[in-house]
Structure formats: C-alpha cells, structure tokens
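Printed here is model_27.txt (compact mmCIF, C-alpha atoms):
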# COMPACT_ATOMS: atom_id res chain seq x y z
CA MET A 1 27.76 67.88 222.00
CA ALA A 2 26.40 67.11 218.69
CA LYS A 3 28.91 66.15 216.18
CA ILE A 4 29.21 68.61 213.36
CA LYS A 5 28.75 66.72 210.26
CA ALA A 6 30.39 68.07 207.19
CA PRO A 7 27.55 68.52 204.75
CA LYS A 8 27.79 65.87 202.13
CA ALA A 9 28.04 67.62 198.84
CA SER A 10 26.42 65.91 195.97
CA PRO A 11 29.00 64.65 193.50
CA THR A 12 26.85 65.74 190.60
CA ILE A 13 26.77 69.27 189.33
CA ASP A 14 23.95 70.67 187.36
CA MET A 15 25.46 70.87 183.93
CA THR A 16 22.50 72.35 182.11
CA PRO A 17 23.84 75.93 181.88
CA MET A 18 27.20 74.66 180.73
CA VAL A 19 25.62 72.53 178.04
CA ASP A 20 23.49 75.46 176.99
CA LEU A 21 26.53 77.61 176.61
CA ALA A 22 28.54 74.93 174.87
CA PHE A 23 25.82 74.35 172.30
CA LEU A 24 25.33 78.05 171.81
CA LEU A 25 29.01 78.37 170.96
CA VAL A 26 28.91 75.29 168.75
CA THR A 27 26.00 76.73 166.82
CA PHE A 28 27.74 80.07 166.51
CA PHE A 29 30.94 78.60 165.15
CA MET A 30 29.10 76.19 162.90
CA LEU A 31 27.16 78.98 161.27
CA SER A 32 30.00 81.46 161.07
CA ALA A 33 32.68 79.03 159.95
CA ASN A 34 33.71 79.10 156.36
CA PHE A 35 36.11 76.35 155.84
CA ARG A 36 39.57 76.71 154.55
CA SER A 37 39.22 75.20 151.14
CA ASP A 38 41.56 72.34 150.54
CA GLU A 39 43.90 74.01 148.13
CA PRO A 40 46.67 72.05 146.52
CA VAL A 41 49.24 74.77 147.27
CA GLN A 42 49.99 77.00 150.22
CA VAL A 43 50.01 80.68 149.37
CA ASP A 44 50.97 83.50 151.73
CA THR A 45 49.33 86.63 150.43
CA PRO A 46 50.72 90.06 151.25
CA SER A 47 48.71 92.39 153.45
CA SER A 48 46.95 95.60 152.48
CA ILE A 49 44.31 98.01 153.72
CA ALA A 50 41.79 96.72 151.18
CA ASP A 51 38.57 95.58 152.82
CA ALA A 52 36.47 94.29 149.93
CA GLU A 53 35.36 90.69 150.31
CA ILE A 54 35.85 88.05 147.67
CA PRO A 55 32.70 87.85 145.55
CA LYS A 56 30.93 84.56 144.77
CA ASN A 57 31.47 84.35 141.03
CA VAL A 58 35.20 84.49 140.38
CA ILE A 59 37.99 83.16 138.23
CA LEU A 60 40.85 82.69 140.63
CA ILE A 61 44.41 82.31 139.42
CA THR A 62 46.80 81.19 142.11
CA VAL A 63 50.52 81.77 141.72
CA ASP A 64 52.71 80.15 144.35
CA LYS A 65 56.23 80.93 145.53
CA GLU A 66 57.89 78.99 142.74
CA GLY A 67 55.64 80.38 140.05
CA ARG A 68 53.28 77.43 139.69
CA VAL A 69 50.01 78.59 138.21
CA LEU A 70 46.69 77.13 139.29
CA TYR A 71 43.23 77.81 138.00
CA GLY A 72 39.98 77.95 139.90
CA PHE A 73 36.46 78.93 138.93
CA THR A 74 33.59 79.36 141.37
CA GLY A 75 30.63 80.07 139.12
CA GLY A 76 28.60 77.13 140.43
CA GLN A 77 28.66 73.39 139.77
CA GLU A 78 26.69 73.47 136.53
CA ALA A 79 28.86 76.23 135.11
CA ARG A 80 31.99 74.27 136.02
CA LYS A 81 30.71 71.21 134.24
CA ASN A 82 29.90 73.24 131.15
CA LEU A 83 33.36 74.76 131.30
CA LEU A 84 35.04 71.37 131.38
CA ILE A 85 32.87 70.11 128.53
CA LYS A 86 33.89 73.08 126.39
CA MET A 87 37.56 72.69 127.22
CA ALA A 88 37.43 68.92 126.64
CA ASP A 89 35.82 69.58 123.30
CA LYS A 90 38.49 72.03 122.25
CA TYR A 91 41.45 69.91 123.33
CA LYS A 92 39.88 66.54 122.40
CA VAL A 93 40.35 65.08 125.86
CA LYS A 94 37.77 62.59 127.12
CA PHE A 95 36.31 62.76 130.63
CA ASN A 96 33.91 60.25 132.14
CA LYS A 97 30.90 61.01 134.36
CA THR A 98 32.70 60.62 137.69
CA GLN A 99 35.56 62.81 136.54
CA LEU A 100 33.07 65.46 135.49
CA GLU A 101 31.39 65.29 138.90
CA GLU A 102 34.77 65.52 140.60
CA PHE A 103 35.67 68.56 138.53
CA SER A 104 32.45 70.32 139.51
CA ILE A 105 33.56 70.39 143.16
CA LEU A 106 37.29 70.91 142.61
CA PRO A 107 38.52 74.16 144.22
CA SER A 108 41.50 74.73 141.95
CA PHE A 109 43.95 72.69 139.96
CA GLY A 110 47.34 73.07 138.36
CA CYS A 111 48.00 70.75 135.45
CA SER A 112 47.53 70.57 131.72
CA ILE A 113 44.19 69.41 130.36
CA GLN A 114 45.86 66.26 129.05
CA GLN A 115 46.79 65.32 132.62
CA LEU A 116 43.46 66.40 134.05
CA PRO A 117 41.59 63.04 133.86
CA GLU A 118 44.39 61.42 135.83
CA TYR A 119 44.51 64.37 138.22
CA LEU A 120 40.80 64.07 138.95
CA GLU A 121 41.26 60.45 139.99
CA MET A 122 43.86 61.36 142.61
CA GLU A 123 43.31 61.89 146.31
CA SER A 124 43.70 65.46 147.52
CA GLU A 125 46.88 64.52 149.41
CA GLU A 126 48.48 63.21 146.24
CA ARG A 127 47.60 66.42 144.42
CA LYS A 128 49.62 68.43 146.88
CA HIS A 129 52.81 66.65 145.82
CA LEU A 130 52.45 67.55 142.17
CA LYS A 131 54.71 70.23 140.81
CA THR A 132 52.92 70.86 137.54
CA SER A 133 51.42 74.09 136.37
CA ILE A 134 48.85 75.15 133.79
CA PRO A 135 50.59 75.60 130.43
CA MET A 136 50.59 79.24 129.38
CA ASP A 137 53.30 79.68 126.77
CA SER A 138 52.39 81.14 123.43
CA THR A 139 52.31 77.83 121.56
CA ASN A 140 50.15 76.04 124.12
CA ASN A 141 48.25 78.67 126.03
CA GLN A 142 45.72 76.59 127.92
CA LEU A 143 45.36 79.14 130.69
CA LYS A 144 44.03 81.63 128.19
CA ASP A 145 41.32 79.19 127.11
CA TRP A 146 40.43 78.38 130.70
CA ILE A 147 40.01 82.07 131.42
CA TYR A 148 38.14 82.71 128.18
CA PHE A 149 35.63 79.89 128.63
CA GLY A 150 35.43 80.49 132.37
CA ASN A 151 34.43 84.07 131.67
CA ILE A 152 31.70 82.94 129.28
CA GLU A 153 30.32 80.40 131.76
CA GLY A 154 30.64 82.87 134.62
CA LEU A 155 28.66 85.45 132.66
CA ALA A 156 25.97 82.89 131.83
CA SER A 157 25.57 81.62 135.40
CA GLY A 158 25.81 85.18 136.75
CA LYS A 159 23.02 86.25 134.41
CA VAL A 160 20.70 83.53 135.72
CA LYS A 161 21.39 84.54 139.32
CA PHE A 162 20.97 88.20 138.43
CA GLU A 163 17.55 87.59 136.90
CA GLU A 164 16.45 85.76 140.03
CA ALA A 165 17.70 88.59 142.20
CA VAL A 166 16.10 91.27 140.06
CA ASN A 167 12.68 89.69 140.58
CA LYS A 168 13.11 90.17 144.31
CA ASN A 169 14.79 93.54 144.19
CA PRO A 170 14.60 95.54 140.96
CA GLU A 171 17.53 97.73 141.98
CA THR A 172 20.06 94.92 141.86
CA GLU A 173 23.06 95.72 139.71
CA MET A 174 24.23 93.35 137.04
CA ASN A 175 27.83 94.14 137.84
CA GLU A 176 27.66 92.26 141.15
CA TYR A 177 26.90 89.04 139.34
CA LYS A 178 29.51 89.25 136.62
CA PRO A 179 32.56 87.08 137.10
CA LYS A 180 35.51 88.84 138.74
CA PHE A 181 39.14 88.04 138.06
CA ILE A 182 41.25 87.42 141.06
CA LEU A 183 44.95 86.80 141.41
CA LYS A 184 46.16 85.08 144.51
CA VAL A 185 49.89 85.58 144.39
CA ASP A 186 52.35 84.54 147.05
CA GLY A 187 54.15 87.55 148.49
CA LYS A 188 57.53 85.94 147.85
CA ALA A 189 56.83 85.05 144.24
CA LEU A 190 58.51 87.09 141.55
CA TYR A 191 56.17 89.70 140.16
CA GLU A 192 57.19 88.47 136.73
CA HIS A 193 55.18 85.27 137.30
CA ALA A 194 52.08 87.27 138.13
CA LYS A 195 52.76 89.56 135.21
CA ASN A 196 52.69 86.67 132.75
CA VAL A 197 49.19 85.85 133.96
CA ILE A 198 48.15 89.49 133.89
CA GLU A 199 49.32 89.73 130.28
CA ILE A 200 46.92 86.89 129.38
CA PHE A 201 44.05 88.71 131.02
CA ARG A 202 44.99 91.87 129.17
CA ASP A 203 45.16 89.98 125.88
CA LEU A 204 41.55 88.96 126.51
CA ASP A 205 40.68 92.60 127.23
CA LEU A 206 39.99 91.85 130.89
CA ASN A 207 41.78 94.71 132.58
CA ASN A 208 40.02 95.00 135.91
CA LEU A 209 41.91 92.58 138.13
CA ASN A 210 41.97 91.99 141.87
CA PHE A 211 44.73 90.82 144.15
CA VAL A 212 43.95 88.69 147.17
CA THR A 213 45.46 90.26 150.28
CA SER A 214 45.08 89.58 153.95
CA LEU A 215 43.95 92.34 156.22
CA GLU A 216 46.71 94.62 157.51
CA GLY A 217 48.13 93.27 160.74
CA GLY A 218 46.88 89.76 160.11
CA GLY A 219 49.58 88.99 157.61
CA GLU A 220 53.31 88.90 157.66
CA LYS A 221 55.18 91.99 158.78
CA HIS A 222 58.27 93.51 157.25
CA MET B 1 26.07 58.76 186.70
CA ALA B 2 25.24 58.51 190.30
CA ASP B 3 21.79 59.80 189.59
CA MET B 4 20.82 57.06 187.31
CA GLY B 5 20.78 54.43 189.99
CA GLU B 6 18.67 56.37 192.40
CA GLY B 7 15.42 56.21 190.57
CA GLY B 8 15.59 52.52 190.00
CA GLY B 9 16.26 51.66 193.62
CA GLY B 10 14.31 48.68 194.78
CA HIS B 11 14.32 48.87 198.58
CA GLU B 12 10.93 50.17 199.54
CA LYS B 13 10.16 49.94 203.19
CA GLY B 14 6.68 49.23 204.31
CA GLY B 15 3.96 47.55 202.44
CA LYS B 16 2.71 50.27 200.24
CA LYS B 17 3.74 49.87 196.71
CA ARG B 18 4.55 53.13 195.15
CA ALA B 19 4.77 53.80 191.47
CA LYS B 20 8.42 53.96 190.62
CA LYS B 21 9.53 57.54 190.44
CA GLY B 22 11.85 57.93 187.47
CA SER B 23 14.66 60.36 188.08
CA THR B 24 14.20 63.60 186.21
CA ARG B 25 17.92 63.98 185.89
CA VAL B 26 19.71 62.74 182.85
CA ASP B 27 23.40 62.20 182.88
CA MET B 28 24.75 64.92 180.69
CA THR B 29 28.43 64.04 180.70
CA PRO B 30 28.51 62.41 177.24
CA LEU B 31 26.46 65.28 175.88
CA VAL B 32 28.91 67.80 177.25
CA ASP B 33 31.79 65.77 175.90
CA LEU B 34 30.30 65.84 172.45
CA ALA B 35 29.41 69.50 172.65
CA PHE B 36 32.93 70.46 173.60
CA LEU B 37 34.42 68.20 170.98
CA LEU B 38 32.37 69.95 168.32
CA LEU B 39 33.18 73.30 169.83
CA THR B 40 36.90 72.63 169.69
CA PHE B 41 36.62 71.39 166.14
CA PHE B 42 34.83 74.48 164.90
CA VAL B 43 37.05 76.85 166.80
CA LEU B 44 40.13 75.32 165.25
CA THR B 45 38.87 74.98 161.70
CA SER B 46 37.11 78.30 161.24
CA THR B 47 39.15 81.01 159.62
CA PHE B 48 38.72 84.37 161.19
CA SER B 49 40.69 86.59 158.89
CA LYS B 50 38.80 86.34 155.66
CA PRO B 51 40.97 87.17 152.69
CA LYS B 52 40.20 90.51 151.10
CA ILE B 53 40.66 91.71 147.56
CA MET B 54 42.38 94.79 146.27
CA SER B 55 41.28 95.84 142.83
CA LEU B 56 43.74 97.22 140.34
CA VAL B 57 42.88 98.33 136.84
CA TYR B 58 45.53 97.61 134.27
CA PRO B 59 45.82 99.74 131.17
CA ALA B 60 44.05 98.21 128.17
CA LYS B 61 46.30 96.80 125.49
CA PRO B 62 46.49 99.14 122.54
CA LYS B 63 44.46 97.88 119.61
CA GLU B 64 46.51 97.39 116.47
CA ASP B 65 44.38 99.43 114.12
CA VAL B 66 43.61 102.24 116.56
CA LYS B 67 46.29 104.82 117.11
CA VAL B 68 46.50 106.04 120.64
CA GLU B 69 47.43 109.64 120.99
CA GLU B 70 50.28 110.28 123.34
CA GLN B 71 48.71 111.70 126.42
CA LYS B 72 50.41 114.50 128.18
CA ILE B 73 50.55 113.62 131.83
CA ASN B 74 51.45 116.36 134.20
CA ASN B 75 52.46 115.74 137.76
CA ALA B 76 53.42 112.13 137.31
CA ILE B 77 55.87 109.99 139.22
CA THR B 78 57.29 106.69 138.10
CA PHE B 79 58.30 104.00 140.55
CA LEU B 80 60.69 101.28 139.51
CA ILE B 81 60.86 98.13 141.58
CA SER B 82 63.64 95.59 141.48
CA GLU B 83 64.37 92.92 144.08
CA ASN B 84 63.84 94.66 147.40
CA LYS B 85 64.71 98.10 146.16
CA ILE B 86 62.53 100.88 144.92
CA PHE B 87 63.51 103.88 142.82
CA TYR B 88 61.57 106.78 141.40
CA TYR B 89 61.78 109.72 139.09
CA LYS B 90 59.38 112.58 138.59
CA GLY B 91 57.85 113.70 135.34
CA GLU B 92 58.70 112.29 131.97
CA PHE B 93 61.66 110.15 131.12
CA TYR B 94 64.54 111.68 129.19
CA GLY B 95 67.38 109.60 127.87
CA PRO B 96 70.97 110.82 128.02
CA GLU B 97 70.81 112.22 124.48
CA ASN B 98 67.28 113.41 124.03
CA THR B 99 66.20 115.75 121.28
CA LYS B 100 64.33 118.06 123.59
CA GLY B 101 67.48 119.25 125.28
CA LYS B 102 66.30 118.21 128.73
CA PRO B 103 68.74 116.89 131.32
CA ALA B 104 68.86 113.10 131.46
CA THR B 105 66.60 111.47 134.04
CA GLN B 106 68.25 110.34 137.23
CA LEU B 107 66.78 107.66 139.47
CA GLU B 108 66.38 108.40 143.16
CA GLU B 109 66.37 105.57 145.65
CA THR B 110 63.74 105.38 148.34
CA SER B 111 62.42 102.69 150.70
CA PHE B 112 59.21 100.96 151.71
CA GLY B 113 59.50 102.16 155.29
CA PRO B 114 57.56 105.09 156.76
CA LYS B 115 60.31 107.56 155.82
CA GLY B 116 60.47 106.48 152.18
CA VAL B 117 57.51 106.18 149.88
CA ARG B 118 55.05 107.32 152.51
CA MET B 119 56.65 110.71 153.09
CA LEU B 120 57.23 111.21 149.41
CA LEU B 121 53.60 110.56 148.57
CA ALA B 122 52.26 112.64 151.44
CA ASP B 123 54.26 115.54 150.06
CA LEU B 124 53.55 115.10 146.37
CA ASN B 125 49.86 114.37 146.69
CA LYS B 126 49.23 117.24 149.11
CA SER B 127 46.45 118.78 147.04
CA VAL B 128 44.29 115.67 147.25
CA LEU B 129 45.11 114.87 150.86
CA ASN B 130 44.42 118.44 152.04
CA GLY B 131 41.25 118.59 149.99
CA LYS B 132 40.15 115.33 151.57
CA LYS B 133 40.80 116.71 155.04
CA LYS B 134 38.62 119.73 154.33
CA LEU B 135 35.84 117.56 152.96
CA LYS B 136 36.09 115.27 155.97
CA ALA B 137 35.75 118.25 158.32
CA LYS B 138 32.66 119.37 156.42
CA LEU B 139 31.25 115.87 156.60
CA ASP B 140 31.84 115.68 160.34
CA SER B 141 30.13 119.00 160.92
CA LYS B 142 27.28 117.77 158.69
CA GLN B 143 27.64 120.48 156.08
CA ILE B 144 27.72 117.88 153.30
CA LYS B 145 26.25 114.41 152.90
CA THR B 146 28.20 111.19 152.48
CA ASP B 147 27.62 110.90 148.75
CA GLU B 148 28.75 114.49 148.24
CA TYR B 149 31.86 113.65 150.24
CA LEU B 150 32.60 110.61 148.10
CA SER B 151 32.05 112.43 144.81
CA GLY B 152 34.19 115.28 146.13
CA ILE B 153 37.06 112.89 146.70
CA ARG B 154 36.57 111.39 143.27
CA ASP B 155 36.82 114.84 141.68
CA LEU B 156 39.93 115.62 143.70
CA LYS B 157 41.63 112.45 142.51
CA ARG B 158 40.84 113.30 138.91
CA ALA B 159 42.03 116.88 139.11
CA ASP B 160 45.09 117.98 137.15
CA GLU B 161 47.19 118.63 140.22
CA ALA B 162 46.52 115.15 141.64
CA LEU B 163 49.53 112.88 141.44
CA LYS B 164 49.54 110.15 138.82
CA VAL B 165 51.66 107.11 139.43
CA LEU B 166 53.26 104.69 137.03
CA ILE B 167 54.70 101.46 138.36
CA LYS B 168 57.36 99.61 136.45
CA THR B 169 58.88 96.37 137.52
CA ASP B 170 61.82 94.41 136.23
CA ASP B 171 62.16 90.65 136.19
CA LYS B 172 63.58 90.50 139.71
CA ALA B 173 60.77 92.40 141.41
CA ILE B 174 58.92 90.61 144.19
CA THR B 175 55.15 90.57 144.38
CA LYS B 176 55.03 91.64 148.00
CA ASN B 177 56.85 94.87 147.20
CA PHE B 178 54.54 95.58 144.33
CA ILE B 179 51.44 95.05 146.49
CA ASP B 180 52.97 97.12 149.30
CA LEU B 181 53.53 99.98 146.91
CA VAL B 182 49.99 99.82 145.53
CA ASP B 183 48.72 99.68 149.09
CA GLU B 184 50.70 102.77 149.98
CA LEU B 185 49.29 104.55 146.93
CA ARG B 186 45.76 103.62 148.01
CA ILE B 187 46.41 105.01 151.48
CA HIS B 188 47.51 108.30 149.94
CA GLU B 189 44.44 108.55 147.72
CA ILE B 190 46.22 108.28 144.40
CA GLY B 191 43.55 108.15 141.72
CA VAL B 192 45.59 107.01 138.74
CA ILE B 193 47.76 103.95 139.25
CA ALA B 194 49.15 102.43 136.09
CA PRO B 195 51.33 99.33 136.16
CA VAL B 196 53.18 99.52 132.86
CA ASP B 197 56.06 97.84 131.10
CA ILE B 198 59.59 98.99 131.76
CA LEU B 199 61.44 100.70 128.91
CA PRO B 200 64.83 99.33 127.87
CA SER B 201 66.50 102.66 128.67
CA GLU B 202 64.96 102.64 132.13
CA GLN B 203 66.18 99.12 132.68
CA GLU B 204 69.69 100.27 131.84
CA LEU B 205 69.51 103.06 134.39
CA LEU B 206 68.12 100.63 136.95
CA ASN B 207 70.91 98.12 136.29
CA ALA B 208 73.48 100.83 136.76
CA LYS B 209 71.92 101.77 140.09
CA LEU B 210 71.75 98.18 141.30
CA LYS B 211 75.44 97.49 140.75

What do you get writing this file as structure tokens?
Amino acid sequence: MAKIKAPKASPTIDMTPMVDLAFLLVTFFMLSANFRSDEPVQVDTPSSIADAEIPKNVILITVDKEGRVLYGFTGGQEARKNLLIKMADKYKVKFNKTQLEEFSILPSFGCSIQQLPEYLEMESEERKHLKTSIPMDSTNNQLKDWIYFGNIEGLASGKVKFEEAVNKNPETEMNEYKPKFILKVDGKALYEHAKNVIEIFRDLDLNNLNFVTSLEGGGEKH
Amino acid sequence: MADMGEGGGGHEKGGKKRAKKGSTRVDMTPLVDLAFLLLTFFVLTSTFSKPKIMSLVYPAKPKEDVKVEEQKINNAITFLISENKIFYYKGEFYGPENTKGKPATQLEETSFGPKGVRMLLADLNKSVLNGKKKLKAKLDSKQIKTDEYLSGIRDLKRADEALKVLIKTDDKAITKNFIDLVDELRIHEIGVIAPVDILPSEQELLNAKLK
C-alpha cells in the first residue's frame, strides 16, 4: 500500500489581494480624513438637527466650560498674517518673522495680544495648560478688534476667491465667500459667557451668527 | 521569506548551465505591515462626525438716533431659561400693576423632554405644521415642485398665525439648554426666533418661581 502523504502546504500565502485591499482602504481614509485640529481646549458641543457644514472662511470664537474665550480665523494664511500685522500695529506689539509664520498656521488662541509673542513660541502641549482668555471687557476689548479686523481680512480674501470662482462659474454667489461668524460653545458653559461674545458681535452689527453643534445622536444625550 | 531563497539556489544537477531564474514572488510581509499600520493610523485619527452649524439671527442693536416703533406681535410665546429649568408665558408681558388693566403675567413651568416644549410647540404652531403637511403631500404626489414647496413653507412661517418665539435667559442659564430649545423650535418650523434680553420684572418673577 502506498503511503498517503499529507500534501505539503506551502507556508506562503498569496498576499496580493490583501495588500490591494489594505492600500485601497488606506487611500480611502487618507483622502477622506480631515484631521482633528489641535485645539488648545476641549469643547463638547451640544447636538442639534442642523446639517449645514462649516464653511471655509470663518471667524470662530470658542467658549469652553469655564468661560475661556478663544479666537480663530480661517481666511487663509495671507489673510491671517495681514490680520496680525493690523492688530500688532494697533496695540504696538512687535512680532518677528517666525512668530508671524507661526500665527499664520495657528488654529485658535486664547490670550491677550501682549502675551501673544510668547504664546507663539510655545509648544502646542504647553498652550493647553494655559488658563488665559482673550480680554473682552469694555476698557480693553481686544476681542472686538480681532473680530473687526478679522471680518475685514475675511472679506478681502473672500473677494479674491469669489472673483476666481466667478470666472469659472458666473452663477457663484458672493455670500458663500463672505466670512461667517461661528460660536463653538461648550454645552456645559453658562449661556452668559456666550452672550458676552454675542453682544460684541451685535455691537459690530454682525447679527447672523452660527453655533457649532454635533449631529443629533452623535453627541451627548440627556 | 521562504520564497526568496528558492530562486537563488545553487545546486544545479547535470552539466547544463541554466540562466538563473529569479523568483517572481516578492515577500510582501513588510509591505502589508506598513499598509496596515497606515490603515490603523487613518482609521483612528479621522473624524467621522463632522461638526455642523446651526445659524441663528440675533436682533440688530437699536441705533441711537433711529427710533424703533414698537411692533405689535400677535401669537408670541416667551421662553425663560434658568439653570436647568424652562418657563414660558404667552402673549405680552404685564406687570402686577399695569395701566392696561390686564391680569399680571404668570410663568408656567415646562420641561425639555418630549412632553414639555415639544408638545407645547406642536400645539401652538399647528397652522404652520399642518400647512407643511399639506404641502408635503402635494410635493409627494408631484402637484408642486420643490421650490414651490420651499417658498410655501417660507410663507407659512411668515404668516400672522405662525408662532413667534422670544427666548430670554438669565445669568444661570446653560448653553446646552439654550441650544436644545432653539433646536426644538427649528424642528417645529418656527420662523421667528428672537433671543432677547430679560426684563427686570421678568427676572423677579423667575426668581420667585425658582425659590
């Protein structure tokens, strides 16, 4: 009788399909990922049924649980540099080249303009330990100036982008490119903190505001 | 890895020298390792739930030199939020000793749950909600187009019988409650939402209720 030999399976497996799939997924996630921006504070936004996405050109005011106020502007790097130059000019604070570059990629910050040069030198981990806020009392209302100049720069950079878009598609609406004003308020924060910021917007005659919310179901429940 | 050696084997039998046949197989293990590492990284860092925005138009600040005429609002309701509680009254506010001889306004308490604000709004904003249902039926049966449907809803919201809502908050109100209320108003198709300042007399009533 012939011995039945167990067929010797090759120890190697053809991995090509697996690699194909893995790279397909990698590509998918790479292209679809939008990274969590490294914000200096954690904010839990309430949920709502709203489904509008955050536009590109925004002035974002973040209010955290304790009422710290942070400012962010996403009108493009050039616009951010111009904004800082205008603010530095008004408050007579000097910034060097590297600080200016750093500011042009900063997501949002929460300190007075006098502290800003020092803040820009810090590592992002250090920034998270700070407990400062943007001054917004009536005698030293820096937030108002940030919003005011941010709006001007946002309008300017939006206009450039709008003109480019109009060349491609004449039906583009200017409104899409105007800066929008967004409040990212922690659900547990007192509304009073948000209201103080809203009052500044209203003083500047900017009445159309937006609240950041997470999609219903995704956020915290009652 | 086992494959790699095969091609380079040097034990040819017989005299004929053959050209070395390079293996067509490449060891893919490191490649797979890298691919999965990247995959894991992107899966973990990507955020799926993109934040959304809810727009809210605040009333413009009155200009000093322009006198604003008192607008008569019919069918209005005012919500007052403090801490985790919510109160409301309908119509205009009358103090305890008003000149118009109306009974003083009383605050009613309600809640954020499905039996509170939601039922109240469904009842008070019936005209808009029913009108929307009719329009929706017409849209589904293709009697009207989408833009007609949308403009129809807009007109309904602006109509006199549509409910107008004022929101007042005191210094203890929590943002989440405010957003929840606005969200609820959006669900019930309220066209006019005005977050306004609380009056001192309203604050007094609210304080009395909170005790």

For chain A, which residues have at least one atom within 8 Å of chain B, if we go by only C-alpha atoms? Write them as a ChimeraX atom specification, please. /A:11-12,15-16,18-19,22-23,25-26,29-30,32-36,45-54,182,185-192,194,202-203,205,207-215,218

Go ahead and save the picked residues with C-alpha atoms, as an mmCIF file, in the frame of the given file.
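Written file, part.cif:
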data_model
loop_
_atom_site.group_PDB
_atom_site.id
_atom_site.type_symbol
_atom_site.label_atom_id
_atom_site.label_comp_id
_atom_site.auth_asym_id
_atom_site.auth_seq_id
_atom_site.Cartn_x
_atom_site.Cartn_y
_atom_site.Cartn_z
ATOM 1 C CA PRO A 11 29.000 64.650 193.500
ATOM 2 C CA THR A 12 26.850 65.740 190.600
ATOM 3 C CA MET A 15 25.460 70.870 183.930
ATOM 4 C CA THR A 16 22.500 72.350 182.110
ATOM 5 C CA MET A 18 27.200 74.660 180.730
ATOM 6 C CA VAL A 19 25.620 72.530 178.040
ATOM 7 C CA ALA A 22 28.540 74.930 174.870
ATOM 8 C CA PHE A 23 25.820 74.350 172.300
ATOM 9 C CA LEU A 25 29.010 78.370 170.960
ATOM 10 C CA VAL A 26 28.910 75.290 168.750
ATOM 11 C CA PHE A 29 30.940 78.600 165.150
ATOM 12 C CA MET A 30 29.100 76.190 162.900
ATOM 13 C CA SER A 32 30.000 81.460 161.070
ATOM 14 C CA ALA A 33 32.680 79.030 159.950
ATOM 15 C CA ASN A 34 33.710 79.100 156.360
ATOM 16 C CA PHE A 35 36.110 76.350 155.840
ATOM 17 C CA ARG A 36 39.570 76.710 154.550
ATOM 18 C CA THR A 45 49.330 86.630 150.430
ATOM 19 C CA PRO A 46 50.720 90.060 151.250
ATOM 20 C CA SER A 47 48.710 92.390 153.450
ATOM 21 C CA SER A 48 46.950 95.600 152.480
ATOM 22 C CA ILE A 49 44.310 98.010 153.720
ATOM 23 C CA ALA A 50 41.790 96.720 151.180
ATOM 24 C CA ASP A 51 38.570 95.580 152.820
ATOM 25 C CA ALA A 52 36.470 94.290 149.930
ATOM 26 C CA GLU A 53 35.360 90.690 150.310
ATOM 27 C CA ILE A 54 35.850 88.050 147.670
ATOM 28 C CA ILE A 182 41.250 87.420 141.060
ATOM 29 C CA VAL A 185 49.890 85.580 144.390
ATOM 30 C CA ASP A 186 52.350 84.540 147.050
ATOM 31 C CA GLY A 187 54.150 87.550 148.490
ATOM 32 C CA LYS A 188 57.530 85.940 147.850
ATOM 33 C CA ALA A 189 56.830 85.050 144.240
ATOM 34 C CA LEU A 190 58.510 87.090 141.550
ATOM 35 C CA TYR A 191 56.170 89.700 140.160
ATOM 36 C CA GLU A 192 57.190 88.470 136.730
ATOM 37 C CA ALA A 194 52.080 87.270 138.130
ATOM 38 C CA ARG A 202 44.990 91.870 129.170
ATOM 39 C CA ASP A 203 45.160 89.980 125.880
ATOM 40 C CA ASP A 205 40.680 92.600 127.230
ATOM 41 C CA ASN A 207 41.780 94.710 132.580
ATOM 42 C CA ASN A 208 40.020 95.000 135.910
ATOM 43 C CA LEU A 209 41.910 92.580 138.130
ATOM 44 C CA ASN A 210 41.970 91.990 141.870
ATOM 45 C CA PHE A 211 44.730 90.820 144.150
ATOM 46 C CA VAL A 212 43.950 88.690 147.170
ATOM 47 C CA THR A 213 45.460 90.260 150.280
ATOM 48 C CA SER A 214 45.080 89.580 153.950
ATOM 49 C CA LEU A 215 43.950 92.340 156.220
ATOM 50 C CA GLY A 218 46.880 89.760 160.110
#

What does the distance from CA of Asn57 (chain A) to CA of Asn175 (chain A) come to in Å, to one decimal? 10.9 Å

Please list as a VMD selection string every residue within 8 Å of Glu108 (chain B), counting all atoms listed in the file and excluding residues in the same chain fewer than 2 positions away. chain B and resid 87 to 89 106 110

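As for CA of Glu125 (chain A) and CA of Phe109 (chain A), they are spaced 12.8 Å apart.
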
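We find CA of Pro55 (chain A) and CA of Asp145 (chain A) to be spaced 22.1 Å apart.
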
Might you pull out every residue within 10 Å of Met87 (chain A), with all atoms listed in the file counted and same-chain residues fewer than 6 positions away left off, and present them as a PyMOL selection string? chain A and resi 81+93+113+142+145-146+149-150

Output file for the residues above (C-alpha atoms, as a PDB file, keeping the file's coordinate frame):
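Below you can see selection-v2.pdb, which holds the result:
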ATOM      1  CA  LYS A  81      30.710  71.210 134.240  1.00  0.00           C
ATOM      2  CA  VAL A  93      40.350  65.080 125.860  1.00  0.00           C
ATOM      3  CA  ILE A 113      44.190  69.410 130.360  1.00  0.00           C
ATOM      4  CA  GLN A 142      45.720  76.590 127.920  1.00  0.00           C
ATOM      5  CA  ASP A 145      41.320  79.190 127.110  1.00  0.00           C
ATOM      6  CA  TRP A 146      40.430  78.380 130.700  1.00  0.00           C
ATOM      7  CA  PHE A 149      35.630  79.890 128.630  1.00  0.00           C
ATOM      8  CA  GLY A 150      35.430  80.490 132.370  1.00  0.00           C
TER       9      GLY A 150
END

Which polymer residues, protein or nucleic acid, are no farther than 12 Å from (67.0, 107.9, 143.8), counting only C-alpha atoms, as a ChimeraX atom specification? /B:78-81,85-90,105-111,116-117,120,205-206,208-210

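Distances from A:Gln42, A:Ile61, A:Thr27, A:Asn96 to Lys128 (chain A) were compared using all atoms listed in the file, and the smallest one belongs to A:Gln42.
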
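Checking A:Lys56, A:Lys159, A:Lys8, A:Arg127 one by one against Phe73 (chain A), counting all atoms listed in the file, you find the shortest gap at A:Lys56.
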
Contact residues around region 155-160 of chain B with all atoms listed in the file at 12 Å, ignoring same-chain residues under 2 positions, as an MDAnalysis selection string: chainID B and resid 72:76 125:135 148:153 162:165 185:186 188:193

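Distance check against Val63 (chain A) using all atoms listed in the file: of A:Met136, A:Met174, A:Ala165, A:Val41, the minimum falls on A:Val41.
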
Please identify all polymer residues lying at most 12 Å from the point (24.3, 86.0, 138.5) (file coordinates), using only C-alpha atoms, and present the result as an MDAnalysis selection string. chainID A and resid 55:58 74:76 79 153:166 172:180
